[in-house]
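Source file data-v7.txt; content: compact mmCIF, C-alpha atoms.
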# COMPACT_ATOMS: atom_id res chain seq x y z
CA MET A 66 7.66 63.36 -18.42
CA LYS A 67 10.79 61.61 -19.59
CA VAL A 68 11.73 58.65 -17.41
CA VAL A 69 14.87 56.68 -18.15
CA ILE A 70 16.07 53.41 -16.74
CA ILE A 71 19.84 53.17 -16.65
CA LYS A 72 21.01 50.16 -18.61
CA TYR A 73 24.07 48.44 -17.27
CA ASN A 74 23.53 44.75 -17.95
CA ALA A 75 22.33 44.16 -14.42
CA GLY A 76 19.60 41.60 -14.70
CA ASN A 77 16.03 42.00 -15.61
CA ILE A 78 14.35 45.35 -16.01
CA CYS A 79 11.32 44.07 -17.88
CA SER A 80 9.09 43.85 -14.80
CA LEU A 81 10.13 47.38 -13.86
CA GLN A 82 9.05 48.59 -17.30
CA PHE A 83 5.75 46.75 -16.94
CA ALA A 84 5.19 48.33 -13.51
CA LEU A 85 5.75 51.83 -14.92
CA GLN A 86 3.52 51.03 -17.91
CA ARG A 87 0.74 50.25 -15.45
CA LEU A 88 1.23 53.80 -14.16
CA GLY A 89 0.94 55.13 -17.71
CA ILE A 90 4.66 55.82 -18.15
CA THR A 91 6.71 54.68 -21.10
CA THR A 92 10.37 54.40 -20.22
CA THR A 93 13.59 54.52 -22.18
CA VAL A 94 16.28 52.03 -21.25
CA THR A 95 19.64 53.52 -22.03
CA ASP A 96 23.32 53.87 -21.14
CA ASP A 97 23.67 57.02 -23.25
CA PRO A 98 24.85 59.88 -20.96
CA CYS A 99 22.94 62.55 -22.97
CA GLU A 100 19.66 60.66 -22.64
CA ILE A 101 20.23 60.16 -18.93
CA VAL A 102 21.19 63.75 -18.16
CA SER A 103 18.19 65.15 -20.06
CA ALA A 104 15.60 62.96 -18.28
CA ASP A 105 13.12 64.22 -15.68
CA LYS A 106 13.36 61.10 -13.57
CA ILE A 107 16.00 58.41 -13.53
CA ILE A 108 15.68 54.87 -12.27
CA PHE A 109 18.83 52.98 -11.40
CA PRO A 110 17.71 49.36 -11.12
CA GLY A 111 19.78 46.32 -10.52
CA VAL A 112 19.94 42.67 -9.91
CA GLY A 113 23.38 41.18 -10.19
CA GLU A 114 26.89 41.45 -8.85
CA ALA A 115 28.37 44.73 -7.59
CA GLY A 116 31.87 44.40 -9.09
CA THR A 117 30.66 43.52 -12.57
CA ALA A 118 28.07 46.28 -12.45
CA MET A 119 30.59 48.96 -11.42
CA LYS A 120 32.98 47.82 -14.14
CA TYR A 121 30.28 48.27 -16.77
CA LEU A 122 29.31 51.70 -15.40
CA LYS A 123 32.95 52.81 -15.55
CA THR A 124 33.47 51.65 -19.14
CA LYS A 125 30.51 53.86 -20.09
CA ARG A 126 31.76 56.64 -17.75
CA LEU A 127 28.36 56.48 -16.11
CA ASN A 128 29.97 56.59 -12.66
CA TYR A 129 30.66 60.31 -13.16
CA ILE A 130 27.30 60.97 -14.80
CA ILE A 131 25.23 59.32 -12.05
CA ARG A 132 27.05 61.15 -9.25
CA SER A 133 26.41 64.52 -10.88
CA LEU A 134 22.68 64.10 -11.50
CA THR A 135 20.43 66.73 -9.93
CA GLN A 136 17.01 65.38 -10.88
CA PRO A 137 15.26 62.69 -8.79
CA VAL A 138 17.06 59.33 -9.00
CA LEU A 139 15.64 56.07 -7.66
CA GLY A 140 18.09 53.25 -6.94
CA ILE A 141 16.55 49.82 -6.53
CA CYS A 142 18.21 46.81 -4.82
CA LEU A 143 21.74 46.59 -6.29
CA GLY A 144 21.14 50.10 -7.63
CA MET A 145 20.76 51.29 -4.04
CA GLN A 146 23.90 49.47 -2.93
CA LEU A 147 25.92 50.94 -5.81
CA LEU A 148 24.96 54.45 -4.65
CA CYS A 149 26.84 53.76 -1.40
CA ASN A 150 30.61 54.11 -0.76
CA SER A 151 31.69 50.51 -1.07
CA SER A 152 30.40 46.95 -1.00
CA GLU A 153 31.76 43.78 0.56
CA GLU A 154 30.59 42.04 -2.61
CA GLY A 155 33.88 41.62 -4.46
CA ASN A 156 35.35 44.43 -2.29
CA THR A 157 33.94 46.93 -4.72
CA ARG A 158 34.34 50.69 -4.58
CA CYS A 159 30.92 52.10 -5.47
CA LEU A 160 29.59 55.51 -6.47
CA GLY A 161 29.90 57.21 -3.08
CA VAL A 162 26.70 59.24 -3.28
CA ILE A 163 25.46 57.96 0.07
CA PRO A 164 28.16 57.69 2.75
CA GLN A 165 27.45 54.10 3.82
CA GLY A 166 29.05 50.70 3.40
CA VAL A 167 27.34 47.55 2.10
CA LYS A 168 27.81 44.36 4.12
CA LYS A 169 27.03 40.68 3.64
CA PHE A 170 24.47 38.92 5.83
CA ARG A 171 26.28 36.58 8.19
CA GLY A 172 25.29 33.86 10.64
CA THR A 173 22.74 31.12 10.29
CA LEU A 174 20.22 33.09 8.22
CA LYS A 175 19.24 31.86 4.80
CA VAL A 176 20.91 34.01 2.17
CA PRO A 177 19.62 35.56 -0.04
CA GLN A 178 16.75 36.89 1.99
CA VAL A 179 13.87 36.13 -0.37
CA GLY A 180 10.31 37.25 0.25
CA TRP A 181 8.01 39.80 1.83
CA ASN A 182 9.24 41.65 4.88
CA SER A 183 7.80 44.68 6.68
CA ILE A 184 9.27 48.17 6.59
CA CYS A 185 9.07 50.66 9.46
CA GLY A 186 10.38 54.04 10.62
CA LEU A 187 9.21 55.53 7.33
CA LYS A 188 10.68 59.00 6.77
CA SER A 189 10.47 59.90 3.09
CA THR A 190 7.94 61.41 0.70
CA LEU A 191 8.37 58.15 -1.20
CA PHE A 192 6.28 56.54 1.54
CA GLN A 193 3.30 58.90 1.41
CA GLY A 194 0.22 56.71 1.83
CA ILE A 195 2.25 53.72 3.00
CA ARG A 196 1.52 52.53 6.53
CA GLU A 197 4.16 51.45 9.03
CA GLU A 198 4.84 47.69 8.87
CA GLU A 199 3.72 47.46 5.23
CA TYR A 200 5.18 44.46 3.42
CA MET A 201 7.61 44.80 0.53
CA TYR A 202 9.39 42.19 -1.59
CA PHE A 203 13.10 41.70 -0.95
CA VAL A 204 15.75 39.58 -2.70
CA HIS A 205 19.28 40.31 -1.50
CA SER A 206 22.40 38.91 0.16
CA TYR A 207 23.97 42.25 1.14
CA TYR A 208 22.61 45.08 3.28
CA VAL A 209 23.26 48.63 4.44
CA GLU A 210 23.32 49.33 8.19
CA PRO A 211 20.93 51.95 9.56
CA GLY A 212 22.41 55.45 9.43
CA GLU A 213 21.49 59.11 9.06
CA ASN A 214 20.33 58.60 5.46
CA THR A 215 18.04 55.71 6.35
CA THR A 216 14.39 56.39 5.55
CA ALA A 217 12.96 52.93 6.27
CA MET A 218 14.15 49.93 8.24
CA THR A 219 13.62 46.20 8.08
CA GLU A 220 14.62 43.32 10.31
CA TYR A 221 16.29 40.15 9.06
CA GLY A 222 18.36 38.81 11.93
CA ILE A 223 19.57 42.37 12.34
CA SER A 224 18.06 45.77 11.52
CA PHE A 225 19.09 47.19 8.18
CA SER A 226 18.19 50.04 5.82
CA ALA A 227 15.18 49.19 3.66
CA ALA A 228 15.46 52.62 2.07
CA LEU A 229 17.91 55.52 1.91
CA GLN A 230 17.76 59.12 0.80
CA LYS A 231 20.33 61.81 0.22
CA ASP A 232 19.37 65.03 -1.55
CA ASN A 233 17.83 64.02 -4.90
CA PHE A 234 18.91 60.38 -4.54
CA TYR A 235 16.23 57.98 -3.32
CA ALA A 236 16.84 54.28 -2.91
CA THR A 237 15.08 51.11 -1.83
CA GLN A 238 16.59 47.74 -0.96
CA PHE A 239 13.28 46.07 -1.79
CA HIS A 240 11.68 45.90 -5.23
CA PRO A 241 8.75 48.32 -5.43
CA GLU A 242 7.96 46.98 -8.92
CA LYS A 243 7.33 43.54 -7.37
CA SER A 244 5.68 44.68 -4.13
CA GLY A 245 2.02 44.71 -5.13
CA GLU A 246 -0.18 47.80 -5.10
CA LYS A 247 1.81 49.44 -2.30
CA GLY A 248 4.98 49.08 -4.32
CA GLN A 249 3.21 50.70 -7.26
CA LEU A 250 2.27 53.58 -4.94
CA ILE A 251 5.95 54.09 -4.04
CA LEU A 252 6.82 54.27 -7.75
CA GLN A 253 3.96 56.73 -8.25
CA ASN A 254 5.26 58.85 -5.34
CA PHE A 255 8.68 58.89 -6.99
CA LEU A 256 7.17 59.98 -10.31
CA ASN A 257 5.27 62.74 -8.47
CA LEU A 258 8.46 64.27 -7.04
CA THR A 259 9.35 67.71 -8.34
CA MET B 1395 10.02 39.84 10.06
CA LEU B 1396 10.28 37.83 6.87
CA THR B 1397 6.99 36.11 6.09
CA LYS B 1398 6.25 32.62 4.79
CA ARG B 1399 5.17 32.73 1.16
CA ILE B 1400 2.06 31.21 -0.44
CA ILE B 1401 2.66 30.46 -4.11
CA PRO B 1402 0.00 29.31 -6.56
CA CYS B 1403 1.47 27.30 -9.42
CA LEU B 1404 0.06 27.24 -12.92
CA ASP B 1405 0.99 24.16 -14.90
CA ILE B 1406 0.64 25.16 -18.52
CA MET B 1407 -0.01 22.89 -21.46
CA SER B 1408 -0.81 24.34 -24.89
CA GLY B 1409 -1.76 27.70 -23.39
CA ARG B 1410 -4.18 26.36 -20.78
CA THR B 1411 -3.77 25.68 -17.09
CA VAL B 1412 -3.84 21.94 -16.38
CA LYS B 1413 -3.52 19.72 -13.37
CA GLY B 1414 -2.58 16.05 -13.05
CA VAL B 1415 -2.54 13.50 -10.25
CA ASN B 1416 0.88 11.98 -9.54
CA PHE B 1417 2.12 13.73 -12.69
CA ILE B 1418 -0.24 11.80 -15.02
CA ASP B 1419 -3.92 12.22 -16.10
CA VAL B 1420 -3.92 15.96 -16.75
CA LYS B 1421 -7.17 17.91 -16.85
CA ASP B 1422 -8.05 21.52 -17.72
CA ALA B 1423 -8.09 24.09 -14.92
CA GLY B 1424 -8.76 27.35 -16.74
CA ASN B 1425 -7.28 30.40 -18.48
CA PRO B 1426 -3.83 31.22 -17.05
CA VAL B 1427 -4.17 34.99 -17.43
CA ASP B 1428 -7.49 35.06 -15.55
CA LEU B 1429 -6.14 32.80 -12.83
CA ALA B 1430 -2.99 34.88 -12.43
CA ILE B 1431 -4.97 38.09 -11.96
CA GLN B 1432 -7.27 36.41 -9.46
CA TYR B 1433 -4.31 35.20 -7.42
CA VAL B 1434 -2.70 38.63 -7.25
CA ASP B 1435 -6.02 40.08 -6.04
CA GLN B 1436 -6.33 37.35 -3.42
CA GLY B 1437 -2.92 38.10 -1.93
CA ALA B 1438 -0.65 35.44 -3.44
CA ASP B 1439 2.98 36.22 -2.60
CA GLU B 1440 4.43 34.97 -5.87
CA LEU B 1441 3.36 33.09 -8.93
CA VAL B 1442 4.99 30.10 -10.60
CA PHE B 1443 4.28 29.13 -14.16
CA LEU B 1444 5.53 25.74 -15.37
CA ASP B 1445 5.27 24.72 -19.00
CA ILE B 1446 4.92 21.00 -18.40
CA THR B 1447 4.90 20.06 -22.06
CA ALA B 1448 8.20 21.79 -22.72
CA THR B 1449 10.67 19.06 -21.85
CA LEU B 1450 8.66 16.28 -23.43
CA ASP B 1451 7.91 17.58 -26.90
CA LYS B 1452 10.56 20.33 -26.91
CA HIS B 1453 8.15 22.99 -28.02
CA VAL B 1454 9.12 26.59 -27.52
CA LEU B 1455 7.86 28.20 -24.34
CA LEU B 1456 4.84 30.36 -24.82
CA THR B 1457 6.54 33.69 -24.37
CA GLY B 1458 3.48 35.54 -25.60
CA LEU B 1459 1.42 34.12 -22.79
CA ILE B 1460 4.16 34.92 -20.28
CA LYS B 1461 4.16 38.52 -21.46
CA GLN B 1462 0.40 38.72 -21.12
CA VAL B 1463 0.58 37.43 -17.55
CA ALA B 1464 3.60 39.53 -16.57
CA ARG B 1465 1.95 42.78 -17.64
CA HIS B 1466 -0.65 42.28 -14.94
CA LEU B 1467 1.60 40.96 -12.20
CA THR B 1468 2.67 43.20 -9.34
CA ILE B 1469 4.29 40.24 -7.57
CA PRO B 1470 7.31 38.07 -8.43
CA PHE B 1471 6.92 35.64 -11.30
CA THR B 1472 8.91 32.43 -11.80
CA VAL B 1473 8.78 30.54 -15.09
CA GLY B 1474 10.08 27.05 -15.81
CA GLY B 1475 9.90 24.20 -18.28
CA GLY B 1476 12.44 23.15 -20.89
CA ILE B 1477 15.12 25.72 -20.06
CA ASN B 1478 18.47 24.65 -21.48
CA SER B 1479 20.60 27.74 -21.98
CA VAL B 1480 21.45 31.34 -21.20
CA GLN B 1481 19.48 32.32 -24.32
CA ASP B 1482 16.37 30.54 -23.04
CA VAL B 1483 16.59 32.46 -19.77
CA SER B 1484 17.20 35.81 -21.49
CA GLY B 1485 14.08 35.21 -23.56
CA LEU B 1486 11.97 34.50 -20.50
CA LEU B 1487 13.28 37.47 -18.51
CA ASN B 1488 12.62 39.71 -21.51
CA ALA B 1489 9.06 38.43 -21.60
CA GLY B 1490 8.61 39.51 -17.97
CA ALA B 1491 9.71 36.63 -15.75
CA ASP B 1492 11.67 37.52 -12.61
CA LYS B 1493 13.16 34.09 -11.94
CA VAL B 1494 13.44 30.84 -13.83
CA SER B 1495 13.30 27.29 -12.60
CA VAL B 1496 15.44 24.54 -14.05
CA ASN B 1497 14.93 20.84 -13.54
CA THR B 1498 15.81 18.11 -16.08
CA SER B 1499 18.42 20.14 -17.95
CA ALA B 1500 20.28 20.89 -14.70
CA VAL B 1501 20.37 17.20 -13.75
CA ASN B 1502 21.68 16.30 -17.19
CA ASP B 1503 24.27 19.08 -17.09
CA PRO B 1504 24.80 20.48 -13.57
CA SER B 1505 27.20 23.16 -14.87
CA LEU B 1506 24.11 24.84 -16.36
CA ILE B 1507 23.32 26.11 -12.84
CA GLU B 1508 26.72 27.82 -12.50
CA ASN B 1509 26.41 29.19 -15.98
CA LEU B 1510 22.95 30.68 -15.38
CA ALA B 1511 23.79 31.94 -11.87
CA GLY B 1512 26.92 33.59 -13.29
CA HIS B 1513 24.89 35.39 -15.93
CA PHE B 1514 21.77 36.32 -14.01
CA GLY B 1515 22.67 35.98 -10.33
CA ASN B 1516 21.78 33.23 -7.85
CA GLN B 1517 18.53 34.95 -6.91
CA CYS B 1518 17.25 34.35 -10.44
CA ILE B 1519 17.82 30.59 -10.49
CA VAL B 1520 15.35 28.26 -8.79
CA LEU B 1521 16.29 24.59 -8.82
CA ALA B 1522 13.11 22.53 -9.21
CA MET B 1523 13.50 18.93 -8.14
CA ASP B 1524 10.91 16.17 -8.41
CA VAL B 1525 11.64 13.52 -5.82
CA LYS B 1526 10.18 10.12 -5.03
CA LEU B 1527 10.53 7.93 -1.97
CA GLU B 1528 11.66 4.39 -2.72
CA LYS B 1529 12.79 1.95 -0.04
CA ASP B 1530 13.57 4.64 2.56
CA GLU B 1531 15.48 6.81 0.12
CA TRP B 1532 14.38 9.88 -1.86
CA TYR B 1533 15.52 9.89 -5.50
CA VAL B 1534 15.47 12.63 -8.12
CA TYR B 1535 13.29 12.16 -11.20
CA THR B 1536 13.47 14.12 -14.43
CA CYS B 1537 11.36 14.65 -17.58
CA GLY B 1538 8.22 15.60 -15.68
CA GLY B 1539 8.56 12.63 -13.35
CA ARG B 1540 8.95 10.05 -16.06
CA LYS B 1541 12.61 9.24 -15.73
CA LYS B 1542 14.34 7.99 -12.62
CA THR B 1543 17.90 9.07 -11.88
CA ARG B 1544 20.40 7.63 -9.46
CA ARG B 1545 20.80 10.93 -7.65
CA ARG B 1546 19.66 11.07 -4.04
CA ALA B 1547 17.54 14.13 -3.27
CA ILE B 1548 19.74 15.48 -0.47
CA ASP B 1549 22.94 15.08 -2.52
CA TRP B 1550 21.43 16.91 -5.47
CA ALA B 1551 20.03 19.71 -3.31
CA ARG B 1552 23.43 20.28 -1.71
CA GLU B 1553 25.26 20.21 -5.04
CA ALA B 1554 22.79 22.52 -6.77
CA VAL B 1555 23.11 25.14 -4.04
CA GLU B 1556 26.91 24.90 -4.13
CA ARG B 1557 26.67 25.50 -7.87
CA GLY B 1558 24.57 28.62 -7.38
CA ALA B 1559 20.87 27.79 -7.12
CA GLY B 1560 19.21 30.60 -5.15
CA GLU B 1561 16.11 28.67 -4.11
CA ILE B 1562 14.91 25.07 -4.18
CA LEU B 1563 11.44 24.10 -5.32
CA LEU B 1564 10.96 20.61 -3.91
CA THR B 1565 8.10 18.49 -5.24
CA SER B 1566 7.31 15.11 -3.77
CA MET B 1567 5.90 12.87 -6.49
CA ASN B 1568 4.48 10.56 -3.83
CA HIS B 1569 2.39 13.43 -2.50
CA ASP B 1570 1.65 15.51 -5.62
CA GLY B 1571 -2.05 15.64 -6.45
CA THR B 1572 -3.05 13.43 -3.52
CA LYS B 1573 -4.20 16.26 -1.20
CA ASN B 1574 -2.94 14.24 1.75
CA GLY B 1575 -0.38 16.78 2.89
CA PHE B 1576 3.17 17.81 1.97
CA ALA B 1577 6.23 15.57 2.36
CA ILE B 1578 7.24 16.96 5.73
CA GLU B 1579 10.34 14.90 6.48
CA ILE B 1580 12.29 15.43 3.25
CA THR B 1581 11.29 19.11 3.15
CA ARG B 1582 12.67 19.61 6.67
CA GLN B 1583 15.85 17.68 5.86
CA ILE B 1584 16.60 19.74 2.79
CA SER B 1585 15.60 23.03 4.38
CA GLU B 1586 18.00 22.37 7.26
CA LEU B 1587 20.72 21.17 4.93
CA VAL B 1588 20.91 24.12 2.54
CA ASN B 1589 21.27 27.83 3.25
CA VAL B 1590 18.77 28.98 0.61
CA PRO B 1591 14.96 29.15 0.80
CA VAL B 1592 13.03 25.93 0.18
CA ILE B 1593 9.60 25.97 -1.47
CA ALA B 1594 7.57 22.88 -0.57
CA SER B 1595 5.30 21.47 -3.24
CA GLY B 1596 2.99 18.50 -3.74
CA GLY B 1597 0.14 17.28 -1.58
CA ALA B 1598 -1.61 20.41 -0.30
CA GLY B 1599 -5.20 19.51 0.58
CA SER B 1600 -6.08 21.54 3.66
CA MET B 1601 -5.01 24.63 5.56
CA GLU B 1602 -3.54 22.40 8.26
CA HIS B 1603 -1.16 20.97 5.65
CA PHE B 1604 0.28 24.42 4.99
CA ALA B 1605 0.73 25.11 8.72
CA GLU B 1606 2.44 21.74 9.12
CA VAL B 1607 4.93 22.25 6.28
CA PHE B 1608 5.90 25.69 7.63
CA THR B 1609 6.38 24.54 11.22
CA ASP B 1610 7.45 20.87 11.12
CA GLY B 1611 8.70 20.96 7.52
CA LYS B 1612 10.68 24.22 8.02
CA ALA B 1613 9.65 25.34 4.53
CA ASP B 1614 10.14 29.00 3.59
CA ALA B 1615 7.31 28.93 1.08
CA ALA B 1616 4.56 26.53 0.04
CA LEU B 1617 3.33 25.99 -3.47
CA ALA B 1618 0.03 24.50 -4.56
CA ALA B 1619 -2.11 24.33 -7.66
CA SER B 1620 -5.43 22.52 -7.71
CA VAL B 1621 -6.63 23.53 -4.23
CA PHE B 1622 -6.36 27.12 -5.43
CA HIS B 1623 -7.54 26.60 -9.02
CA TYR B 1624 -10.67 24.75 -7.91
CA ARG B 1625 -11.24 27.17 -5.00
CA GLU B 1626 -11.08 24.50 -2.35
CA ILE B 1627 -8.80 26.80 -0.39
CA ARG B 1628 -9.02 30.58 -0.71
CA ILE B 1629 -5.74 32.39 -0.17
CA PRO B 1630 -7.15 35.10 2.17
CA SER B 1631 -8.72 32.46 4.45
CA LEU B 1632 -5.53 30.39 4.34
CA LYS B 1633 -3.40 33.35 5.36
CA LYS B 1634 -5.78 34.27 8.16
CA TYR B 1635 -5.66 30.68 9.40
CA LEU B 1636 -1.85 30.68 9.34
CA LYS B 1637 -1.70 34.01 11.16
CA ASP B 1638 -4.10 32.71 13.83
CA ASN B 1639 -1.69 29.81 14.23
CA PHE B 1640 1.23 32.17 14.80
CA ILE B 1641 2.79 31.70 11.38
CA ASN B 1642 3.99 35.00 9.99
CA VAL B 1643 2.36 35.80 6.64
CA ARG B 1644 1.69 38.93 4.61
CA LEU B 1645 -1.92 40.01 5.08
Once more with this new file: its structure as structure tokens, please.
Amino acid sequence: MKVVIIKYNAGNICSLQFALQRLGITTTVTDDPCEIVSADKIIFPGVGEAGTAMKYLKTKRLNYIIRSLTQPVLGICLGMQLLCNSSEEGNTRCLGVIPQGVKKFRGTLKVPQVGWNSICGLKSTLFQGIREEEYMYFVHSYYVEPGENTTAMTEYGISFSAALQKDNFYATQFHPEKSGEKGQLILQNFLNLT
Amino acid sequence: MLTKRIIPCLDIMSGRTVKGVNFIDVKDAGNPVDLAIQYVDQGADELVFLDITATLDKHVLLTGLIKQVARHLTIPFTVGGGINSVQDVSGLLNAGADKVSVNTSAVNDPSLIENLAGHFGNQCIVLAMDVKLEKDEWYVYTCGGRKKTRRRAIDWAREAVERGAGEILLTSMNHDGTKNGFAIEITRQISELVNVPVIASGGAGSMEHFAEVFTDGKADAALAASVFHYREIRIPSLKKYLKDNFINVRL
């Protein structure tokens, strides 16, 4: 199985590679459209700033490539947010795969939300073997409101989408690669998709 | 609901885990890779790895060891000690760290925080500050607690967050290694002052101390070393105790 991680200068992907190695998968990190299109599974990671990330994707014309993918894609954290329509972070127009907007946490909450929070309302094959209220590791300042594509929810002052799914696009706001054994199981479930 | 985090800290010197009292008199506390794996199994929420020799004798961080640890870690991993530049951080992230902590170098050149946050995002940059109470005022110390600065702790915390620090790791030198409890008052002050998570460190000796720093100290996370290394407190029992005391933790 060929698994690629999309490279777009968005933070650290080393721990993601280690996590997949633990599952026996060697990954290719690339921004080459041919490599991406020919992969069996694609991971769209991301830690960083939405505007800068979209700019990079556009210079490599990856915005068109990602939208047209038909194999399973997993967006993580910023990767998930970039799959949405737009983000309040730098008023950025995103990829528009999932018809949702990305908003900034407001009020007296500490931002970023950092740490382990529970997910519930699990509705995706990604969560096979994961119990309701399982804890996952989050680090983020922006969120997606619950909507028809929401497959898991979390509470931080308000309820937001911990995971989204549309067709072959799967996405998590939390970091499965940093969420212990249960996070590993979610990655395994993604790799098992056909 | 977001849980309070329990974070074991490995102070590393020449490839071994060490522990000192009040920052001096270090002694050996075991193999870092073995300890790291044990902590993941016990339910630690994160791991911090501080190369305490780095700032003093300027030796290069042990990236090989970091790699070895990171391969096994399914939880977030913060690395600190002697970080001076974007290149230093890139090297650590490429070895498998998720976040880095900066201390002395940020005090000497506060624009380093902006620079690193700009490159890697705020969430990647933990400001570590060693503070000491002197005549009713908390001051910031650098160089592993050996050098006093004129900065007041609350001023530095506020400035660092404005510059882009995503978390604060606050260590009280008065409390570190004593096992008499965390510095509750300054932890609460800083946690209420800044809008980013505060990790309390220094002084953990009993499970009650952890409960106290989460409730009265308003800490978002608590870090400890020797009580975990020497198995005086087991993480599963600690988390059960906290849960029984209505503190939300990941079990």
> Which polymer residues have any atom within 10 Å of an atom of B:Leu1506, counting only C-alpha atoms, with same-chain residues fewer than 5 positions away left out, as number ranges by chain?
Replying inline: B: 1477-1480, 1496, 1499-1501, 1511-1512, 1554, 1557-1558
> Mind listing as a count of residues only all residues within 12 Å of (13.3, 8.5, -12.8), counting only C-alpha atoms?
Replying inline: 25
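Near chain B, the residues of chain A that fall inside 6 Å (using only C-alpha atoms) are Gly76, Cys79, Ser80, Phe83, Gly113, Lys175, Val176, Trp181, Asn182, Glu220, Lys243, Ser244 and Gly245 of chain A.
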> Given the choices B:Ala1522, B:Pro1504, B:Leu1441, B:Glu1626, which gets closest to B:Cys1403 if the distance is worked out from only C-alpha atoms?
Replying inline: B:Leu1441
>> Env of A:Leu252: 12 Å cut, atoms = only C-alpha atoms, seq-sep filter 4 positions within chain, self excluded. Answer as number ranges by chain.
In response: A: 68, 81-90, 106-108, 137-141, 190-195, 235-237, 240-248, 256-258; B: 1468
Box for stretch 237-252 of chain A: with edges along x, y and z, all listed atoms inside and 5 Å added on each side, what are the centre and edge lengths in Å to one decimal, as AutoDock Vina command-line options?
--center_x 8.2 --center_y 48.9 --center_z -4.9 --size_x 26.8 --size_y 20.7 --size_z 18.0
> What separation in Å, quoted to one decimal, exists between atom CA of A:Asp96 and atom CA of A:Lys169?
Replying inline: 28.3 Å
> Separation of atom CA of B:Ala1577 and atom CA of B:Ala1616, in Å?
Replying inline: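 These two atoms are separated by 11.3 Å.
Note that atom CA of B:Phe1608 and atom CA of B:Phe1640 are 10.7 Å apart.
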>> Counting all atoms listed in the file, which residue out of B:Gln1436, B:Thr1609, B:Gly1458, B:Asp1405 sits closest to B:Pro1630?
In response: B:Gln1436
>> Need to verify the contact set: A:Thr117, 12 Å, all atoms listed in the file, exclusion of same-chain residues closer than 5 positions in sequence. Can you return it as a ChimeraX atom specification?
In response: /A:73-76,111-112,122-124,143,147,154-159 /B:1512-1515
File dump, residues just selected, C-alpha atoms, as a PDB file, in the frame of the given file:
ATOM      1  CA  TYR A  73      24.070  48.440 -17.270  1.00  0.00           C
ATOM      2  CA  ASN A  74      23.530  44.750 -17.950  1.00  0.00           C
ATOM      3  CA  ALA A  75      22.330  44.160 -14.420  1.00  0.00           C
ATOM      4  CA  GLY A  76      19.600  41.600 -14.700  1.00  0.00           C
ATOM      5  CA  GLY A 111      19.780  46.320 -10.520  1.00  0.00           C
ATOM      6  CA  VAL A 112      19.940  42.670  -9.910  1.00  0.00           C
ATOM      7  CA  LEU A 122      29.310  51.700 -15.400  1.00  0.00           C
ATOM      8  CA  LYS A 123      32.950  52.810 -15.550  1.00  0.00           C
ATOM      9  CA  THR A 124      33.470  51.650 -19.140  1.00  0.00           C
ATOM     10  CA  LEU A 143      21.740  46.590  -6.290  1.00  0.00           C
ATOM     11  CA  LEU A 147      25.920  50.940  -5.810  1.00  0.00           C
ATOM     12  CA  GLU A 154      30.590  42.040  -2.610  1.00  0.00           C
ATOM     13  CA  GLY A 155      33.880  41.620  -4.460  1.00  0.00           C
ATOM     14  CA  ASN A 156      35.350  44.430  -2.290  1.00  0.00           C
ATOM     15  CA  THR A 157      33.940  46.930  -4.720  1.00  0.00           C
ATOM     16  CA  ARG A 158      34.340  50.690  -4.580  1.00  0.00           C
ATOM     17  CA  CYS A 159      30.920  52.100  -5.470  1.00  0.00           C
TER      18      CYS A 159
ATOM     19  CA  GLY B1512      26.920  33.590 -13.290  1.00  0.00           C
ATOM     20  CA  HIS B1513      24.890  35.390 -15.930  1.00  0.00           C
ATOM     21  CA  PHE B1514      21.770  36.320 -14.010  1.00  0.00           C
ATOM     22  CA  GLY B1515      22.670  35.980 -10.330  1.00  0.00           C
TER      23      GLY B1515
END
>> Nearest residue to A:Gly180 out of A:Ile71, A:Val204, A:Cys142, A:Met119, using only C-alpha atoms?
In response: A:Val204
